[in-house]
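J.: Dropping a structure here in structure tokens format, bear with me for questions.
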Amino acid sequence: MIANFIDGPLWYFSLFVFFAGVMLRLGSIIFSKHKVDLSVARGPEAPGAFRTIFSRFLPDKGMYPHIKLQVIAGYIFHLGLFAVIFFAAPHIKFFDEHFLGFSWTALPHWGFIFAAQLAFLGLILLWLQRVINPVSRLISKTGDHISSILTFIVLLTGCLALLESFSSLRLLHRFSVELFLIYFPFSSLMHAFTFIPSRAFTGAWFGRRGIKS
Amino acid sequence: MSERLEKGLTALRGQMDSKVESFFSSCVNCGICAESCLFYTETKDPRYTPIYKTEPLRKLWKQEYSFWGKFSSKLGFTKTFKESDLADWEELVYDGCSMCGRCSMVCPMGIDIADIIARVKQGLSAAGYTPQDLVGAANRTLEFGSPMGNILPALKAHIKHIEADTGLTVPFDIEGADYMVTISANEVVTFPEYIGAITRIFAHANVSWTISSEAFEATNSGLQMGNNTIATELVGRIVAAAEKLKVKNVVSPECGHAYAAIRWNGPNYLGKKYTFGVVHILELLDELYRSGRIKTSGMETSRMTFHDPCQIVRRGGVAAQPRELLASVASDVTEMSDHGRMNWCCGGGGGVSANERAEELRIQVFNRKKSQLDEIKVETMVTACSNCRTVLEDGLDANDMDMEVLGLTELIADHLVENEALVGS
């Protein structure tokens with residue numbers, strides 16, 4: 001009964017909330033008031049926007065020694081998570097059967113374990129930084145902690161589900177993913193999408209002033 | 001809800017747009033911006049973390065524009081926005097932020113934090129949470145034309161001396177001039193040599209220029225305090241004068257925020273495009289130098305460095321010109337470890353230097369500049385902003401540092417090839 005609910009209605013509901021929520025949030029950025037800048041531009045906006053979307057993947061050289069932990073942990077976490085989501089054999093099979101109709105080469109088992117460990121390590125380091133560092137502690141919101149905990153649970157249940165010994169572990173993973181998808185559009189997890197317009201706005205602003213950003 | 005809080009919230013609501021939506025949607029509270037801010041690095045007080053300074057606007061956005069905020073509000077769980085949510089941020093935003101924009105260069109999400117802080121100022125200003133010194137400066141500018149009162153007599157007295165010393169004429173109210181020069185009050189009162197310098201340079205380069213006796217003051221207290229009504233009025237005076245005199249261009253003084261006000265913000269304040277161009281004095285000097293109209297001779301031999309004024313370089317895009325100009329008259333120029341668009345602020349921008357309450361903090365955060373200077377051991381620091389210059393001199397004095405601070409425009413004027421002949425005349 002519960003299994004049917006998790007695999008059925010709750011799954012479709014979470015997908016709906018995720019996609020509709022993300023579209024709404026992005027729509028609210030696109031369709032919100034946007035003032036036209038009447039000053040004479042020194043440079044074009046579009047190349048500045050495009051450049052900044054990519055340039056902010058790397059920290060400023062002078063800043064790097066002061067933010068090493070966030071940068072390294074951030075990269076470890078995001079790359080590990082990316083590999084786990086898109087290159088774990090069960091996920092590829094799932095995408096193939098339910099969404100895409102094609103598949104690609106999966107990580108070997110040891111590769112998955114390595115990627116998952118990277119993601120865990122990065123996530124834990126980032127969360128420790130959040131609770132220990134006075135700056136992060138002051139500015140962090142409840143939602144940031146919920147996002148970290150939810151992501152951790154999804155990763156953990158995913159690793160357990162990989163054992164495939166018990167169907168209940170797979171269900172538990174799916175349930176945690178569903179909670180994650182439902183929470184996603186209403187949280188700072190949205191940065192996975194909104195970093196693009198955010199960087200683009202700032203890059204365009206700097207671009208029209210002739211500044212590399 | 002008090003009237004002042006209502007005014008503040010109304011002003012903050014007016015700041016909401018697609019940028020704010022994308023910025024607050026993207027922030028993951030990583031705190032990286034703290035390390036870019038000299039008010040944090042020199043005090044280690046986490047409250048000076050740039051993104052924390054945006055809290056009033058962020059709180060309102062979350063309450064009234066986000067799903068959870070609206071949802072909680074319906075259920076009656078939202079904490080009421082209190083007056084302290086504005087009052088407690090006055091010191092952080094006005095004393096502990098020079099609007100230098102370094103944070104905006106490092107945010108991995110690309111959030112223009114300085115832009116958001118400027119919007120927070122709009123709310124604080126509307127609610128009356130603005131340092132009295134800034135309010136006073138704005139009122140004096142509105143009433144007498146300058147934050148230092150009526151400085152026209154002082155300007156005319158300096159000009160009389162300049163004309164006597166150089167045999168040149170400083171042109172006032174000339175219709176159809178190519179360039180209408182604007183000046184900052186600090187240049188008139190503290191660094192009048194700037195006016196002498198441009199007079200000599202323009203004569204040397206045969207530039208058609210003028211000063212408007214009706215609107216020569218370019219500093220903009222409205223921008224510093226975050227009051228667009230005042231900012232618009234002050235920019236409007238310059239625009240009206242430029243249109244009346246039918247000049248082709250308005251020249252911004254070295255002063256960084258004055259440049260931001262007239263060059264970038266002005267058309268948006270007024271809601272119209274200018275009928276004339278706006279150039280920073282360094283852009284004009286560089287153009288004259290490149291085209292061969294400025295010829296210099298001799299080189300400074302002392303070990304020098306250039307301090308980048310934030311609003312001219314990082315937020316204004318005038319970065320290459322001062323270096324090219326300085327290289328034309330100085331043979332031993334050393335860059336600070338962080339320079340150009342990543343330079344550290346002097347600590348007095350954004351109205352901080354005009355805010356006496358912030359003086360102790362300003363001197364404390366000057367330690368960042370001191371560290372930069374200690375690394376390169378120079379004898380002279382050159383800059384191109386009279387406000388930076390004053391703040392740098394204060395900081396050097398407070399730290400017993402024996403270093404000369406020079407204005408770039410004056411330095412160029414001192415090396416004009418006809419200089420000796422002019423002084424002789």
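For the structure tokens, the naming scheme is as follows: chains receive sequential letters (A, B, ...) according to their order of presentation, residues are indexed from 1 within each chain, and ligands are indexed from 1 in presentation order.
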Among chain A, which ones does DSSP place in helix (DSSP H, G or I), written as a ChimeraX atom specification?
T.: /A:2-7,9-30,45-55,64-66,68-87,89-100,109-132,134-139,142-162,167-186,188-208
J.: Could you name the residues that touch B:Arg58 at 10 Å or less, counting only C-alpha atoms, but leaving out those on the same chain fewer than 5 positions away, as number ranges by chain?
T.: B: 12, 16, 20-21, 23-25, 51-53, 63-65, 116, 120
J.: Keeping only all heavy atoms, write those residues as a CSV table (one decimal), in the first residue's frame.
T.:
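selection16.csv written:
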chain,number,residue,atom,x,y,z
B,12,LEU,N,11.3,50.1,0.4
B,12,LEU,CA,11.9,48.8,0.1
B,12,LEU,C,11.1,48.1,-0.9
B,12,LEU,O,11.7,47.4,-1.8
B,12,LEU,CB,12.1,48.0,1.4
B,12,LEU,CG,13.2,48.5,2.4
B,12,LEU,CD1,13.2,47.6,3.7
B,12,LEU,CD2,14.6,48.5,1.8
B,16,MET,N,11.9,46.2,-5.3
B,16,MET,CA,11.8,44.8,-5.7
B,16,MET,C,11.7,44.7,-7.3
B,16,MET,O,10.9,45.4,-7.9
B,16,MET,CB,10.6,44.1,-5.1
B,16,MET,CG,10.5,44.1,-3.6
B,16,MET,SD,11.8,43.0,-2.9
B,16,MET,CE,11.4,43.2,-1.2
B,20,VAL,N,16.5,41.6,-7.8
B,20,VAL,CA,16.4,41.3,-6.4
B,20,VAL,C,15.9,39.8,-6.3
B,20,VAL,O,16.4,39.0,-5.5
B,20,VAL,CB,15.4,42.2,-5.7
B,20,VAL,CG1,15.1,41.8,-4.3
B,20,VAL,CG2,16.0,43.6,-5.7
B,21,GLU,N,14.9,39.5,-7.1
B,21,GLU,CA,14.3,38.2,-7.1
B,21,GLU,C,15.4,37.1,-7.4
B,21,GLU,O,15.5,36.1,-6.7
B,21,GLU,CB,13.2,38.1,-8.2
B,21,GLU,CG,12.5,36.8,-8.3
B,21,GLU,CD,11.5,36.5,-7.2
B,21,GLU,OE1,10.9,37.5,-6.7
B,21,GLU,OE2,11.2,35.4,-6.9
B,23,PHE,N,18.7,37.5,-7.2
B,23,PHE,CA,19.8,37.5,-6.3
B,23,PHE,C,19.4,36.7,-5.0
B,23,PHE,O,20.1,35.9,-4.5
B,23,PHE,CB,20.2,38.9,-5.9
B,23,PHE,CG,20.8,39.7,-7.0
B,23,PHE,CD1,20.9,41.1,-7.0
B,23,PHE,CD2,21.4,39.0,-8.1
B,23,PHE,CE1,21.5,41.8,-8.1
B,23,PHE,CE2,22.1,39.7,-9.1
B,23,PHE,CZ,22.1,41.1,-9.1
B,24,PHE,N,18.3,37.1,-4.4
B,24,PHE,CA,17.9,36.4,-3.2
B,24,PHE,C,17.5,34.9,-3.4
B,24,PHE,O,17.6,34.1,-2.5
B,24,PHE,CB,16.7,37.2,-2.5
B,24,PHE,CG,17.2,38.5,-1.8
B,24,PHE,CD1,16.3,39.6,-1.8
B,24,PHE,CD2,18.4,38.6,-1.3
B,24,PHE,CE1,16.7,40.7,-1.2
B,24,PHE,CE2,18.9,39.8,-0.8
B,24,PHE,CZ,18.0,40.9,-0.7
B,25,SER,N,17.0,34.6,-4.6
B,25,SER,CA,16.7,33.2,-4.9
B,25,SER,C,18.0,32.4,-5.0
B,25,SER,O,18.0,31.2,-4.8
B,25,SER,CB,16.0,33.1,-6.2
B,25,SER,OG,14.7,33.7,-6.1
B,51,ILE,N,26.5,40.3,2.7
B,51,ILE,CA,25.1,39.9,2.5
B,51,ILE,C,24.2,40.1,3.7
B,51,ILE,O,23.0,40.3,3.6
B,51,ILE,CB,25.1,38.4,2.0
B,51,ILE,CG1,23.8,38.0,1.3
B,51,ILE,CG2,25.4,37.4,3.1
B,51,ILE,CD1,23.6,38.7,0.0
B,52,TYR,N,24.9,40.1,4.9
B,52,TYR,CA,24.1,40.3,6.1
B,52,TYR,C,23.5,41.8,6.1
B,52,TYR,O,22.5,42.0,6.7
B,52,TYR,CB,25.0,40.1,7.3
B,52,TYR,CG,24.2,40.1,8.6
B,52,TYR,CD1,23.3,39.2,8.9
B,52,TYR,CD2,24.5,41.1,9.6
B,52,TYR,CE1,22.6,39.2,10.2
B,52,TYR,CE2,23.8,41.1,10.8
B,52,TYR,CZ,22.8,40.2,11.1
B,52,TYR,OH,22.2,40.2,12.3
B,53,LYS,N,24.3,42.7,5.5
B,53,LYS,CA,23.8,44.1,5.4
B,53,LYS,C,22.5,44.2,4.6
B,53,LYS,O,21.9,45.3,4.6
B,53,LYS,CB,24.9,45.0,4.9
B,53,LYS,CG,26.2,45.0,5.8
B,53,LYS,CD,27.3,45.7,5.1
B,53,LYS,CE,28.6,45.4,5.9
B,53,LYS,NZ,29.8,45.7,5.1
B,63,GLN,N,9.2,37.6,3.2
B,63,GLN,CA,7.9,37.6,3.8
B,63,GLN,C,6.8,37.8,2.8
B,63,GLN,O,5.8,37.2,2.8
B,63,GLN,CB,7.8,38.8,4.8
B,63,GLN,CG,8.4,38.4,6.2
B,63,GLN,CD,8.1,39.5,7.2
B,63,GLN,OE1,7.4,40.5,6.9
B,63,GLN,NE2,8.6,39.3,8.4
B,64,GLU,N,7.1,38.7,1.9
B,64,GLU,CA,6.0,39.2,1.0
B,64,GLU,C,6.1,38.6,-0.5
B,64,GLU,O,5.2,38.7,-1.2
B,64,GLU,CB,6.0,40.7,0.9
B,64,GLU,CG,5.7,41.3,2.3
B,64,GLU,CD,5.5,42.8,2.2
B,64,GLU,OE1,5.6,43.4,1.2
B,64,GLU,OE2,5.3,43.4,3.3
B,65,TYR,N,7.3,38.1,-0.8
B,65,TYR,CA,7.4,37.7,-2.2
B,65,TYR,C,7.8,36.2,-2.4
B,65,TYR,O,7.9,35.7,-3.5
B,65,TYR,CB,8.5,38.5,-2.9
B,65,TYR,CG,8.1,40.0,-3.0
B,65,TYR,CD1,8.3,40.8,-1.9
B,65,TYR,CD2,7.5,40.5,-4.1
B,65,TYR,CE1,7.9,42.2,-1.9
B,65,TYR,CE2,7.1,41.9,-4.2
B,65,TYR,CZ,7.3,42.7,-3.1
B,65,TYR,OH,7.0,44.0,-3.1
B,116,ILE,N,22.4,45.7,-4.0
B,116,ILE,CA,21.3,45.4,-3.0
B,116,ILE,C,21.5,46.3,-1.8
B,116,ILE,O,20.5,46.8,-1.2
B,116,ILE,CB,21.4,43.9,-2.6
B,116,ILE,CG1,21.2,43.0,-3.8
B,116,ILE,CG2,20.3,43.6,-1.5
B,116,ILE,CD1,19.9,42.8,-4.3
B,120,VAL,N,18.9,48.9,0.0
B,120,VAL,CA,18.5,48.9,1.5
B,120,VAL,C,18.6,50.3,2.0
B,120,VAL,O,17.8,50.8,2.8
B,120,VAL,CB,19.5,48.0,2.3
B,120,VAL,CG1,19.3,48.2,3.8
B,120,VAL,CG2,19.3,46.5,1.9
J.: Suppose you want the space between atom CA of B:Leu86 and atom CA of B:Ala126; what is it in Å?
T.: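 Between atom CA of B:Leu86 and atom CA of B:Ala126 the gap is 10.5 Å.
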J.: Excluding same-chain residues fewer than 6 positions from stretch 198-209 of chain B, what lies within 6 Å of it counting only C-alpha atoms, as a ChimeraX atom specification?
T.: /B:177-180,293-294,413
J.: Residues as selected, all heavy atoms, written as an mmCIF file, in the first residue's frame, can you do that?
T.:
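And here is the file that came out, result-v3.cif:
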data_model
loop_
_atom_site.group_PDB
_atom_site.id
_atom_site.type_symbol
_atom_site.label_atom_id
_atom_site.label_comp_id
_atom_site.auth_asym_id
_atom_site.auth_seq_id
_atom_site.Cartn_x
_atom_site.Cartn_y
_atom_site.Cartn_z
ATOM 1 N N ALA B 177 30.477 75.262 -25.355
ATOM 2 C CA ALA B 177 31.808 74.693 -25.099
ATOM 3 C C ALA B 177 31.782 73.178 -25.316
ATOM 4 O O ALA B 177 30.735 72.538 -25.196
ATOM 5 C CB ALA B 177 32.244 75.006 -23.666
ATOM 6 N N ASP B 178 32.967 72.637 -25.623
ATOM 7 C CA ASP B 178 33.021 71.177 -25.805
ATOM 8 C C ASP B 178 32.833 70.450 -24.474
ATOM 9 O O ASP B 178 32.226 69.391 -24.419
ATOM 10 C CB ASP B 178 34.377 70.772 -26.411
ATOM 11 C CG ASP B 178 34.474 71.162 -27.882
ATOM 12 O OD1 ASP B 178 33.417 71.481 -28.468
ATOM 13 O OD2 ASP B 178 35.591 71.160 -28.425
ATOM 14 N N TYR B 179 33.409 71.028 -23.430
ATOM 15 C CA TYR B 179 33.366 70.343 -22.127
ATOM 16 C C TYR B 179 32.934 71.294 -21.013
ATOM 17 O O TYR B 179 33.506 72.380 -20.870
ATOM 18 C CB TYR B 179 34.750 69.782 -21.777
ATOM 19 C CG TYR B 179 35.195 68.714 -22.744
ATOM 20 C CD1 TYR B 179 36.033 69.019 -23.825
ATOM 21 C CD2 TYR B 179 34.778 67.393 -22.589
ATOM 22 C CE1 TYR B 179 36.432 68.046 -24.717
ATOM 23 C CE2 TYR B 179 35.174 66.407 -23.486
ATOM 24 C CZ TYR B 179 35.993 66.737 -24.544
ATOM 25 O OH TYR B 179 36.386 65.770 -25.424
ATOM 26 N N MET B 180 31.933 70.865 -20.246
ATOM 27 C CA MET B 180 31.550 71.600 -19.037
ATOM 28 C C MET B 180 32.114 70.831 -17.846
ATOM 29 O O MET B 180 31.736 69.685 -17.594
ATOM 30 C CB MET B 180 30.025 71.697 -18.917
ATOM 31 C CG MET B 180 29.570 72.543 -17.728
ATOM 32 S SD MET B 180 27.762 72.605 -17.598
ATOM 33 C CE MET B 180 27.470 71.362 -16.342
ATOM 34 N N ARG B 293 47.621 65.543 -27.810
ATOM 35 C CA ARG B 293 47.329 66.936 -27.417
ATOM 36 C C ARG B 293 47.918 67.273 -26.052
ATOM 37 O O ARG B 293 48.060 68.434 -25.693
ATOM 38 C CB ARG B 293 45.816 67.187 -27.446
ATOM 39 C CG ARG B 293 45.274 67.190 -28.873
ATOM 40 C CD ARG B 293 43.769 67.241 -28.897
ATOM 41 N NE ARG B 293 43.232 68.517 -28.427
ATOM 42 C CZ ARG B 293 41.931 68.751 -28.268
ATOM 43 N NH1 ARG B 293 41.049 67.796 -28.555
ATOM 44 N NH2 ARG B 293 41.511 69.930 -27.844
ATOM 45 N N ILE B 294 48.213 66.235 -25.279
ATOM 46 C CA ILE B 294 48.940 66.458 -24.025
ATOM 47 C C ILE B 294 50.341 65.907 -24.232
ATOM 48 O O ILE B 294 50.513 64.737 -24.575
ATOM 49 C CB ILE B 294 48.280 65.737 -22.837
ATOM 50 C CG1 ILE B 294 46.979 66.416 -22.435
ATOM 51 C CG2 ILE B 294 49.222 65.670 -21.650
ATOM 52 C CD1 ILE B 294 46.282 65.781 -21.251
ATOM 53 N N ALA B 413 49.655 67.633 -14.794
ATOM 54 C CA ALA B 413 49.829 69.073 -15.038
ATOM 55 C C ALA B 413 51.260 69.508 -14.729
ATOM 56 O O ALA B 413 51.820 70.357 -15.426
ATOM 57 C CB ALA B 413 48.834 69.862 -14.194
#
J.: With only C-alpha atoms as the atoms that count, which of A:Leu100, A:Cys159, A:Ile53, A:Ala46 lies nearest to A:Leu81?
T.: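 That would be A:Cys159, the residue with the smallest distance to A:Leu81.
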J.: What's the 12 Å shell around stretch 71-79 of chain A, counting only C-alpha atoms, without same-chain residues fewer than 5 positions away, as a ChimeraX atom specification?
T.: /A:56-61,63-66,84-87,112,114-130,148,151-152,155,192 /B:28,30-32,106-108
J.: I want to know what sits within 10 Å of B:Asp394, based on only C-alpha atoms, with residues of the same chain fewer than 3 positions away left out; could you give that as number ranges by chain?
T.: B: 359, 362-363, 366, 388-391, 397-400
J.: Name the residues in contact with stretch 43-48 of chain B at a cut-off of 7 Å, using only C-alpha atoms, excluding same-chain residues fewer than 2 positions from it; report them as JSON, numbers by chain.
T.: {"A": [134, 135], "B": [39, 40, 41, 50, 52, 53, 92, 96]}
J.: Please run DSSP on the backbone and report, as a list in words, all residues within stretch 35-229 of chain B that come out as strand (DSSP E or B).
T.: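 Assigned to strand (DSSP E or B), within stretch 35-229 of chain B: Phe172, Tyr179, Met180, Val181, Ile183, Trp209, Thr210, Ile211 and Glu217 of chain B.
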J.: At a cut-off of 7 Å, using only C-alpha atoms, what residues contact B:Val352? Leave out same-chain residues fewer than 6 positions from it and give the result as number ranges by chain.
T.: B: 94-95, 98, 358
J.: Let me see the file: selected residues, all heavy atoms, as a compact mmCIF listing (two decimals), in the first residue's frame.
T.:
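This went into result.txt:
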# COMPACT_ATOMS: atom_id res chain seq x y z
N TYR B 94 25.61 52.22 6.84
CA TYR B 94 26.22 53.54 6.59
C TYR B 94 27.64 53.67 7.15
O TYR B 94 28.48 54.33 6.55
CB TYR B 94 25.35 54.66 7.18
CG TYR B 94 24.08 54.89 6.39
CD1 TYR B 94 22.86 54.41 6.86
CD2 TYR B 94 24.11 55.57 5.18
CE1 TYR B 94 21.69 54.62 6.15
CE2 TYR B 94 22.95 55.80 4.46
CZ TYR B 94 21.73 55.32 4.94
OH TYR B 94 20.59 55.51 4.23
N ASP B 95 27.90 53.03 8.31
CA ASP B 95 29.23 53.14 8.90
C ASP B 95 30.13 51.99 8.43
O ASP B 95 31.33 52.16 8.29
CB ASP B 95 29.16 53.07 10.44
CG ASP B 95 28.32 54.16 11.04
OD1 ASP B 95 27.49 54.74 10.31
OD2 ASP B 95 28.47 54.43 12.25
N SER B 98 31.40 50.85 2.56
CA SER B 98 31.83 51.99 1.75
C SER B 98 31.31 51.87 0.32
O SER B 98 31.74 52.62 -0.56
CB SER B 98 33.36 52.11 1.75
OG SER B 98 33.93 50.92 1.24
N ALA B 358 31.50 57.30 12.12
CA ALA B 358 32.20 56.12 11.61
C ALA B 358 33.71 56.27 11.62
O ALA B 358 34.43 55.37 11.16
CB ALA B 358 31.72 55.82 10.19
J.: Can you measure atom CA of B:Met403 to atom CA of B:Asn186 for me? One decimal in Å is fine.
T.: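 So the two atoms, atom CA of B:Met403 and atom CA of B:Asn186, lie 20.6 Å apart.
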J.: Which of these, B:Asn268, B:Thr169, B:Ser252, B:Ser221, has the shortest distance to chain A once you count only C-alpha atoms?
T.: B:Asn268
J.: Kindly indicate which residue among A:Gly21, A:Gly101, A:Gly80, A:Pro108 lies nearest to chain B, using only C-alpha atoms for the distances.
T.: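 Closest to chain B, using only C-alpha atoms: A:Gly21.
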J.: Would you compute the distance between atom CA of A:Gly207 and atom CA of A:Phe50? Give it in Å to one decimal.
T.: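 Atom-to-atom, atom CA of A:Gly207 and atom CA of A:Phe50 are spaced 9.6 Å apart.
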